[in-house]
Amino acid sequence: MKTKKYNDENSYILSMSDIMAGLIFVFIILLAVFLISLMSANEDSLKKELQYQAQLKKLKQQEVQLNRRALELEVKNSELEKLKDDLEATNNKLAKERNAARGYLSEIIQGVEERKQLLKTIKYALQKNGLTVDMDFEHGVMRLGEDAILFPTGEAALETGYLKRLNTVSSILAQILPCYSAQQPSELQCLPDTKGMLNSVFIEGHTDNVPIRGALLNQFASNRVLSTARANYTFNKLVDDTKLLKEMVNPQFQPIFSVSGYGDDRPVKGHEYPEPTSDPKNRRIDFRFIMSPPSTTEVEEALEGNFEFSNVSSVEL
(Lines give C-alpha, C1' and ligand atoms only; values in the text may rest on other atoms or scores of the structure.)
Protein backbone atom coordinates (compact mmCIF):
# COMPACT_ATOMS: atom_id res chain seq x y z
CA MET A 1 0.00 0.00 0.00
CA LYS A 2 2.85 2.21 0.81
CA THR A 3 4.34 1.73 -2.58
CA LYS A 4 1.14 2.55 -4.37
CA LYS A 5 0.74 5.72 -2.44
CA TYR A 6 4.26 6.67 -3.24
CA ASN A 7 3.67 6.04 -6.91
CA ASP A 8 0.50 8.09 -6.88
CA GLU A 9 2.36 11.01 -5.34
CA ASN A 10 5.12 10.70 -7.86
CA SER A 11 2.57 10.64 -10.66
CA TYR A 12 0.93 13.70 -9.24
CA ILE A 13 4.22 15.54 -8.98
CA LEU A 14 5.15 14.44 -12.48
CA SER A 15 1.83 15.63 -13.86
CA MET A 16 2.25 19.01 -12.19
CA SER A 17 5.75 19.26 -13.59
CA ASP A 18 4.51 18.48 -17.04
CA ILE A 19 1.77 21.02 -16.70
CA MET A 20 4.19 23.64 -15.45
CA ALA A 21 6.64 22.81 -18.22
CA GLY A 22 3.84 23.00 -20.72
CA LEU A 23 2.73 26.34 -19.32
CA ILE A 24 6.26 27.63 -19.36
CA PHE A 25 6.64 26.46 -22.95
CA VAL A 26 3.38 28.11 -23.91
CA PHE A 27 4.50 31.24 -22.07
CA ILE A 28 7.82 31.19 -23.90
CA ILE A 29 6.04 30.74 -27.19
CA LEU A 30 3.65 33.56 -26.37
CA LEU A 31 6.55 35.70 -25.25
CA ALA A 32 8.38 34.94 -28.45
CA VAL A 33 5.27 35.81 -30.47
CA PHE A 34 4.90 39.01 -28.44
CA LEU A 35 8.53 39.91 -28.95
CA ILE A 36 8.26 39.18 -32.65
CA SER A 37 5.09 41.30 -32.84
CA LEU A 38 6.76 44.02 -30.80
CA MET A 39 9.81 44.02 -33.05
CA SER A 40 7.55 44.13 -36.11
CA ALA A 41 5.55 46.96 -34.56
CA ASN A 42 8.76 48.82 -33.71
CA GLU A 43 9.98 48.32 -37.25
CA ASP A 44 6.69 49.64 -38.65
CA SER A 45 6.81 52.52 -36.20
CA LEU A 46 10.38 53.31 -37.24
CA LYS A 47 9.38 53.27 -40.89
CA LYS A 48 6.46 55.53 -40.16
CA GLU A 49 8.71 57.82 -38.12
CA LEU A 50 11.15 58.01 -41.02
CA GLN A 51 8.30 58.68 -43.43
CA TYR A 52 6.96 61.32 -41.06
CA GLN A 53 10.38 62.95 -40.75
CA ALA A 54 10.76 62.90 -44.57
CA GLN A 55 7.30 64.37 -45.02
CA LEU A 56 8.00 66.96 -42.33
CA LYS A 57 11.27 67.88 -44.06
CA LYS A 58 9.44 68.19 -47.36
CA LEU A 59 6.76 70.35 -45.76
CA LYS A 60 9.42 72.58 -44.21
CA GLN A 61 11.07 72.95 -47.63
CA GLN A 62 7.69 73.82 -49.12
CA GLU A 63 7.16 76.31 -46.28
CA VAL A 64 10.51 77.97 -47.06
CA GLN A 65 9.62 78.09 -50.75
CA LEU A 66 6.18 79.52 -49.95
CA ASN A 67 7.71 82.15 -47.68
CA ARG A 68 10.23 83.07 -50.36
CA ARG A 69 7.46 83.19 -52.96
CA ALA A 70 5.35 85.32 -50.61
CA LEU A 71 8.29 87.70 -50.20
CA GLU A 72 8.79 87.83 -53.96
CA LEU A 73 5.08 88.52 -54.46
CA GLU A 74 5.26 91.25 -51.83
CA VAL A 75 8.19 92.84 -53.65
CA LYS A 76 6.39 92.43 -56.98
CA ASN A 77 3.24 93.95 -55.50
CA SER A 78 5.28 96.87 -54.24
CA GLU A 79 6.76 97.29 -57.71
CA LEU A 80 3.29 97.10 -59.26
CA GLU A 81 2.02 99.74 -56.85
CA LYS A 82 4.92 101.98 -57.81
CA LEU A 83 4.26 101.28 -61.48
CA LYS A 84 0.60 102.10 -60.95
CA ASP A 85 1.55 105.41 -59.34
CA ASP A 86 4.00 106.12 -62.18
CA LEU A 87 1.35 105.29 -64.79
CA GLU A 88 -1.16 107.52 -63.06
CA ALA A 89 1.38 110.34 -62.95
CA THR A 90 2.23 109.73 -66.61
CA ASN A 91 -1.45 109.74 -67.58
CA ASN A 92 -1.94 113.02 -65.76
CA LYS A 93 1.12 114.42 -67.46
CA LEU A 94 -0.04 113.22 -70.89
CA ALA A 95 -3.48 114.70 -70.28
CA LYS A 96 -1.85 118.03 -69.45
CA GLU A 97 0.38 117.76 -72.55
CA ARG A 98 -2.61 116.85 -74.72
CA ASN A 99 -4.57 119.84 -73.50
CA ALA A 100 -1.58 122.10 -74.05
CA ALA A 101 -1.02 120.68 -77.54
CA ARG A 102 -4.69 121.15 -78.36
CA GLY A 103 -4.43 124.76 -77.26
CA TYR A 104 -1.27 125.19 -79.33
CA LEU A 105 -2.91 123.59 -82.37
CA SER A 106 -6.01 125.71 -81.88
CA GLU A 107 -3.89 128.86 -81.95
CA ILE A 108 -2.09 127.65 -85.09
CA ILE A 109 -5.42 127.02 -86.81
CA GLN A 110 -6.55 130.45 -85.71
CA GLY A 111 -3.34 131.87 -87.20
CA VAL A 112 -4.08 130.16 -90.51
CA GLU A 113 -7.53 131.73 -90.56
CA GLU A 114 -6.11 135.13 -89.64
CA ARG A 115 -3.60 134.89 -92.49
CA LYS A 116 -6.32 133.92 -94.94
CA GLN A 117 -8.38 136.93 -93.86
CA LEU A 118 -5.32 139.17 -94.14
CA LEU A 119 -4.66 138.03 -97.71
CA LYS A 120 -8.30 138.53 -98.62
CA THR A 121 -8.15 142.08 -97.27
CA ILE A 122 -4.99 142.82 -99.30
CA LYS A 123 -6.45 141.28 -102.46
CA TYR A 124 -9.67 143.31 -102.13
CA ALA A 125 -7.72 146.55 -101.59
CA LEU A 126 -5.48 145.88 -104.61
CA GLN A 127 -8.48 145.08 -106.82
CA LYS A 128 -10.09 148.38 -105.79
CA ASN A 129 -6.95 150.06 -107.12
CA GLY A 130 -7.03 148.14 -110.39
CA LEU A 131 -4.35 145.55 -109.56
CA THR A 132 -4.88 141.84 -110.07
CA VAL A 133 -2.83 139.45 -107.96
CA ASP A 134 -2.94 135.69 -107.45
CA MET A 135 -3.47 134.50 -103.89
CA ASP A 136 -2.54 131.05 -102.56
CA PHE A 137 -4.49 131.12 -99.31
CA GLU A 138 -3.38 127.64 -98.29
CA HIS A 139 0.33 128.47 -98.37
CA GLY A 140 0.03 132.18 -97.67
CA VAL A 141 1.51 133.44 -100.92
CA MET A 142 0.61 136.62 -102.83
CA ARG A 143 1.91 136.48 -106.39
CA LEU A 144 2.71 139.62 -108.36
CA GLY A 145 2.57 138.15 -111.82
CA GLU A 146 2.42 139.70 -115.26
CA ASP A 147 -1.00 141.20 -114.54
CA ALA A 148 0.53 143.29 -111.75
CA ILE A 149 4.23 143.81 -112.49
CA LEU A 150 6.51 142.34 -115.12
CA PHE A 151 10.27 142.33 -115.28
CA PRO A 152 11.79 142.48 -118.77
CA THR A 153 13.80 139.43 -119.80
CA GLY A 154 17.26 139.49 -118.22
CA GLU A 155 16.59 142.65 -116.17
CA ALA A 156 16.14 143.33 -112.48
CA ALA A 157 14.41 146.74 -112.74
CA LEU A 158 10.83 147.64 -113.65
CA GLU A 159 9.76 150.02 -116.33
CA THR A 160 7.96 153.18 -115.23
CA GLY A 161 4.41 151.85 -115.60
CA TYR A 162 5.08 148.70 -113.57
CA LEU A 163 7.06 150.69 -111.00
CA LYS A 164 3.95 152.81 -110.37
CA ARG A 165 2.01 149.61 -109.77
CA LEU A 166 4.65 148.44 -107.30
CA ASN A 167 4.33 151.78 -105.51
CA THR A 168 0.58 151.17 -105.30
CA VAL A 169 1.24 147.75 -103.76
CA SER A 170 3.62 149.38 -101.28
CA SER A 171 1.04 152.01 -100.34
CA ILE A 172 -1.71 149.46 -99.74
CA LEU A 173 0.53 147.12 -97.73
CA ALA A 174 1.60 150.09 -95.60
CA GLN A 175 -2.05 150.69 -94.70
CA ILE A 176 -2.65 147.07 -93.64
CA LEU A 177 0.48 145.19 -92.57
CA PRO A 178 1.88 147.47 -89.82
CA CYS A 179 -1.13 146.60 -87.64
CA TYR A 180 0.23 143.01 -87.61
CA SER A 181 3.65 144.17 -86.39
CA ALA A 182 4.82 143.73 -82.81
CA GLN A 183 4.92 147.54 -82.64
CA GLN A 184 1.71 148.94 -84.04
CA PRO A 185 2.12 152.48 -85.40
CA SER A 186 0.10 155.17 -83.65
CA GLU A 187 -0.95 156.78 -86.95
CA LEU A 188 -3.00 153.70 -87.92
CA GLN A 189 -6.20 152.60 -86.21
CA CYS A 190 -5.11 149.04 -85.42
CA LEU A 191 -7.00 146.32 -83.59
CA PRO A 192 -5.08 145.10 -80.52
CA ASP A 193 -5.78 141.48 -81.49
CA THR A 194 -3.58 141.70 -84.60
CA LYS A 195 -0.52 142.96 -82.76
CA GLY A 196 2.52 140.74 -83.33
CA MET A 197 0.67 138.22 -85.50
CA LEU A 198 3.02 138.59 -88.48
CA ASN A 199 6.45 137.04 -88.16
CA SER A 200 7.96 137.33 -91.64
CA VAL A 201 7.24 138.39 -95.20
CA PHE A 202 9.63 136.88 -97.72
CA ILE A 203 9.96 138.77 -100.99
CA GLU A 204 10.84 135.95 -103.37
CA GLY A 205 12.29 136.60 -106.83
CA HIS A 206 11.79 134.18 -109.75
CA THR A 207 12.87 133.91 -113.38
CA ASP A 208 11.94 131.88 -116.43
CA ASN A 209 14.28 129.06 -117.47
CA VAL A 210 16.09 130.94 -120.22
CA PRO A 211 19.81 130.77 -119.26
CA ILE A 212 21.88 133.92 -118.78
CA ARG A 213 24.03 134.42 -121.88
CA GLY A 214 26.39 136.90 -123.49
CA ALA A 215 26.95 140.30 -121.96
CA LEU A 216 24.34 139.64 -119.24
CA LEU A 217 26.81 137.24 -117.63
CA ASN A 218 28.86 140.27 -116.60
CA GLN A 219 25.88 141.44 -114.55
CA PHE A 220 24.15 138.21 -113.49
CA ALA A 221 26.11 134.98 -113.17
CA SER A 222 22.92 132.86 -113.16
CA ASN A 223 19.15 133.03 -113.02
CA ARG A 224 19.37 132.67 -109.26
CA VAL A 225 21.48 135.82 -109.05
CA LEU A 226 19.01 137.58 -111.36
CA SER A 227 16.02 136.48 -109.25
CA THR A 228 17.76 137.68 -106.08
CA ALA A 229 18.46 141.03 -107.76
CA ARG A 230 14.75 141.32 -108.62
CA ALA A 231 13.79 140.52 -105.02
CA ASN A 232 16.27 143.12 -103.73
CA TYR A 233 14.95 145.71 -106.19
CA THR A 234 11.38 145.05 -105.04
CA PHE A 235 12.47 145.24 -101.39
CA ASN A 236 14.21 148.56 -101.93
CA LYS A 237 11.25 150.11 -103.76
CA LEU A 238 8.61 148.57 -101.54
CA VAL A 239 10.13 148.64 -98.06
CA ASP A 240 13.09 150.99 -97.92
CA ASP A 241 11.06 153.80 -99.44
CA THR A 242 8.08 153.22 -97.10
CA LYS A 243 8.65 154.13 -93.44
CA LEU A 244 5.74 152.14 -92.01
CA LEU A 245 6.89 148.94 -93.72
CA LYS A 246 10.55 149.46 -92.96
CA GLU A 247 9.87 149.83 -89.23
CA MET A 248 7.83 146.61 -88.95
CA VAL A 249 9.25 144.02 -86.55
CA ASN A 250 8.09 140.59 -85.37
CA PRO A 251 7.67 139.54 -81.71
CA GLN A 252 11.43 138.85 -81.59
CA PHE A 253 11.94 142.48 -82.72
CA GLN A 254 13.51 141.35 -85.97
CA PRO A 255 12.68 143.03 -89.31
CA ILE A 256 9.67 141.35 -90.88
CA PHE A 257 10.66 141.77 -94.54
CA SER A 258 13.48 139.76 -96.11
CA VAL A 259 14.43 138.60 -99.61
CA SER A 260 15.28 135.36 -101.36
CA GLY A 261 15.91 134.31 -104.96
CA TYR A 262 14.98 130.97 -106.49
CA GLY A 263 15.98 131.49 -110.12
CA ASP A 264 13.97 129.15 -112.35
CA ASP A 265 13.73 126.40 -109.68
CA ARG A 266 10.10 127.14 -108.80
CA PRO A 267 8.06 127.71 -111.96
CA VAL A 268 4.34 128.44 -111.72
CA LYS A 269 2.26 125.27 -111.83
CA GLY A 270 1.41 124.49 -115.45
CA HIS A 271 4.32 126.58 -116.73
CA GLU A 272 7.12 124.02 -116.42
CA TYR A 273 9.17 123.59 -119.60
CA PRO A 274 11.83 121.05 -120.58
CA GLU A 275 13.40 123.57 -122.99
CA PRO A 276 14.35 127.24 -122.34
CA THR A 277 11.13 129.25 -122.66
CA SER A 278 10.61 132.97 -122.11
CA ASP A 279 7.43 132.83 -120.04
CA PRO A 280 6.38 136.07 -118.28
CA LYS A 281 4.35 134.00 -115.78
CA ASN A 282 7.59 132.79 -114.25
CA ARG A 283 9.28 136.22 -114.18
CA ARG A 284 7.50 137.21 -111.02
CA ILE A 285 7.69 138.30 -107.39
CA ASP A 286 6.00 136.29 -104.65
CA PHE A 287 5.23 137.52 -101.15
CA ARG A 288 5.22 134.66 -98.65
CA PHE A 289 3.49 135.52 -95.36
CA ILE A 290 4.62 133.67 -92.22
CA MET A 291 2.49 134.19 -89.12
CA SER A 292 3.96 134.17 -85.62
CA PRO A 293 3.56 130.90 -83.73
CA PRO A 294 1.56 130.82 -80.50
CA SER A 295 3.36 131.84 -77.34
CA THR A 296 5.17 128.74 -76.11
CA THR A 297 5.84 129.81 -72.51
CA GLU A 298 2.71 128.26 -71.06
CA VAL A 299 2.97 125.28 -73.40
CA GLU A 300 6.56 124.60 -72.33
CA GLU A 301 5.55 124.76 -68.68
CA ALA A 302 2.64 122.41 -69.30
CA LEU A 303 4.79 119.94 -71.19
CA GLU A 304 7.58 120.18 -68.59
CA GLY A 305 10.29 120.23 -71.21
CA ASN A 306 9.07 117.19 -73.19
CA PHE A 307 8.72 119.15 -76.42
CA GLU A 308 11.48 121.25 -77.90
CA PHE A 309 10.00 124.66 -78.64
CA SER A 310 13.10 126.68 -77.89
CA ASN A 311 14.18 126.76 -81.52
CA VAL A 312 10.73 127.64 -82.85
CA SER A 313 10.78 131.21 -84.10
CA SER A 314 8.16 130.92 -86.82
CA VAL A 315 5.87 128.49 -88.57
CA GLU A 316 4.65 128.70 -92.10
CA LEU A 317 1.03 129.41 -91.39
# chains A, B, ... in the order shown; residues from 1 in each chain; ligands from 1
call {"tool": "residues_around", "arguments": {"residues": "stretch 184-196 of chain A", "least_positions_apart": "4", "cutoff": "9 Å", "atoms": "only C-alpha atoms", "output": "number ranges by chain"}}
result
A: 114, 175-176, 178-180, 244, 248-251, 291-292
call {"tool": "residues_around", "arguments": {"residues": "A:Ile290", "least_positions_apart": "2", "cutoff": "12 Å", "atoms": "only C-alpha atoms", "output": "ChimeraX atom specification"}}
result
/A:108,111-112,114-116,118-119,137-142,180,196-203,250,256-258,287-288,292-293,313-317
call {"tool": "select_by_dssp", "arguments": {"residues": "stretch 10-253 of chain A", "states": "strand (DSSP E or B)", "output": "JSON, numbers by chain"}}
result
{"A": [134, 135, 136, 141, 142, 143, 144, 198, 199, 200, 201, 202, 203, 204, 205, 249]}
call {"tool": "atom_distance", "arguments": {"atom1": "atom CA of A:Lys164", "atom2": "atom CA of A:Asp241"}}
result
13.1 Å
call {"tool": "residues_around", "arguments": {"residues": "A:Val239", "least_positions_apart": "5", "cutoff": "8 Å", "atoms": "only C-alpha atoms", "output": "list in words"}}
result
Ser170, Thr234, Leu245, Lys246 and Phe257 of chain A
call {"tool": "write_last_selection", "arguments": {"atoms": "N, CA and C atoms", "output": "JSON list (two decimals), in the first residue's frame"}}
result
[["chain", "number", "residue", "atom", "x", "y", "z"],
["A", 170, "SER", "N", 2.95, 148.93, -102.49],
["A", 170, "SER", "CA", 3.62, 149.38, -101.28],
["A", 170, "SER", "C", 2.70, 150.23, -100.43],
["A", 234, "THR", "N", 12.75, 144.92, -105.57],
["A", 234, "THR", "CA", 11.38, 145.05, -105.04],
["A", 234, "THR", "C", 11.42, 145.47, -103.58],
["A", 245, "LEU", "N", 6.49, 150.32, -93.45],
["A", 245, "LEU", "CA", 6.89, 148.94, -93.72],
["A", 245, "LEU", "C", 8.31, 148.66, -93.22],
["A", 246, "LYS", "N", 9.15, 149.64, -93.35],
["A", 246, "LYS", "CA", 10.55, 149.46, -92.96],
["A", 246, "LYS", "C", 10.68, 149.28, -91.45],
["A", 257, "PHE", "N", 10.42, 142.00, -93.11],
["A", 257, "PHE", "CA", 10.66, 141.77, -94.54],
["A", 257, "PHE", "C", 12.07, 141.25, -94.77]]
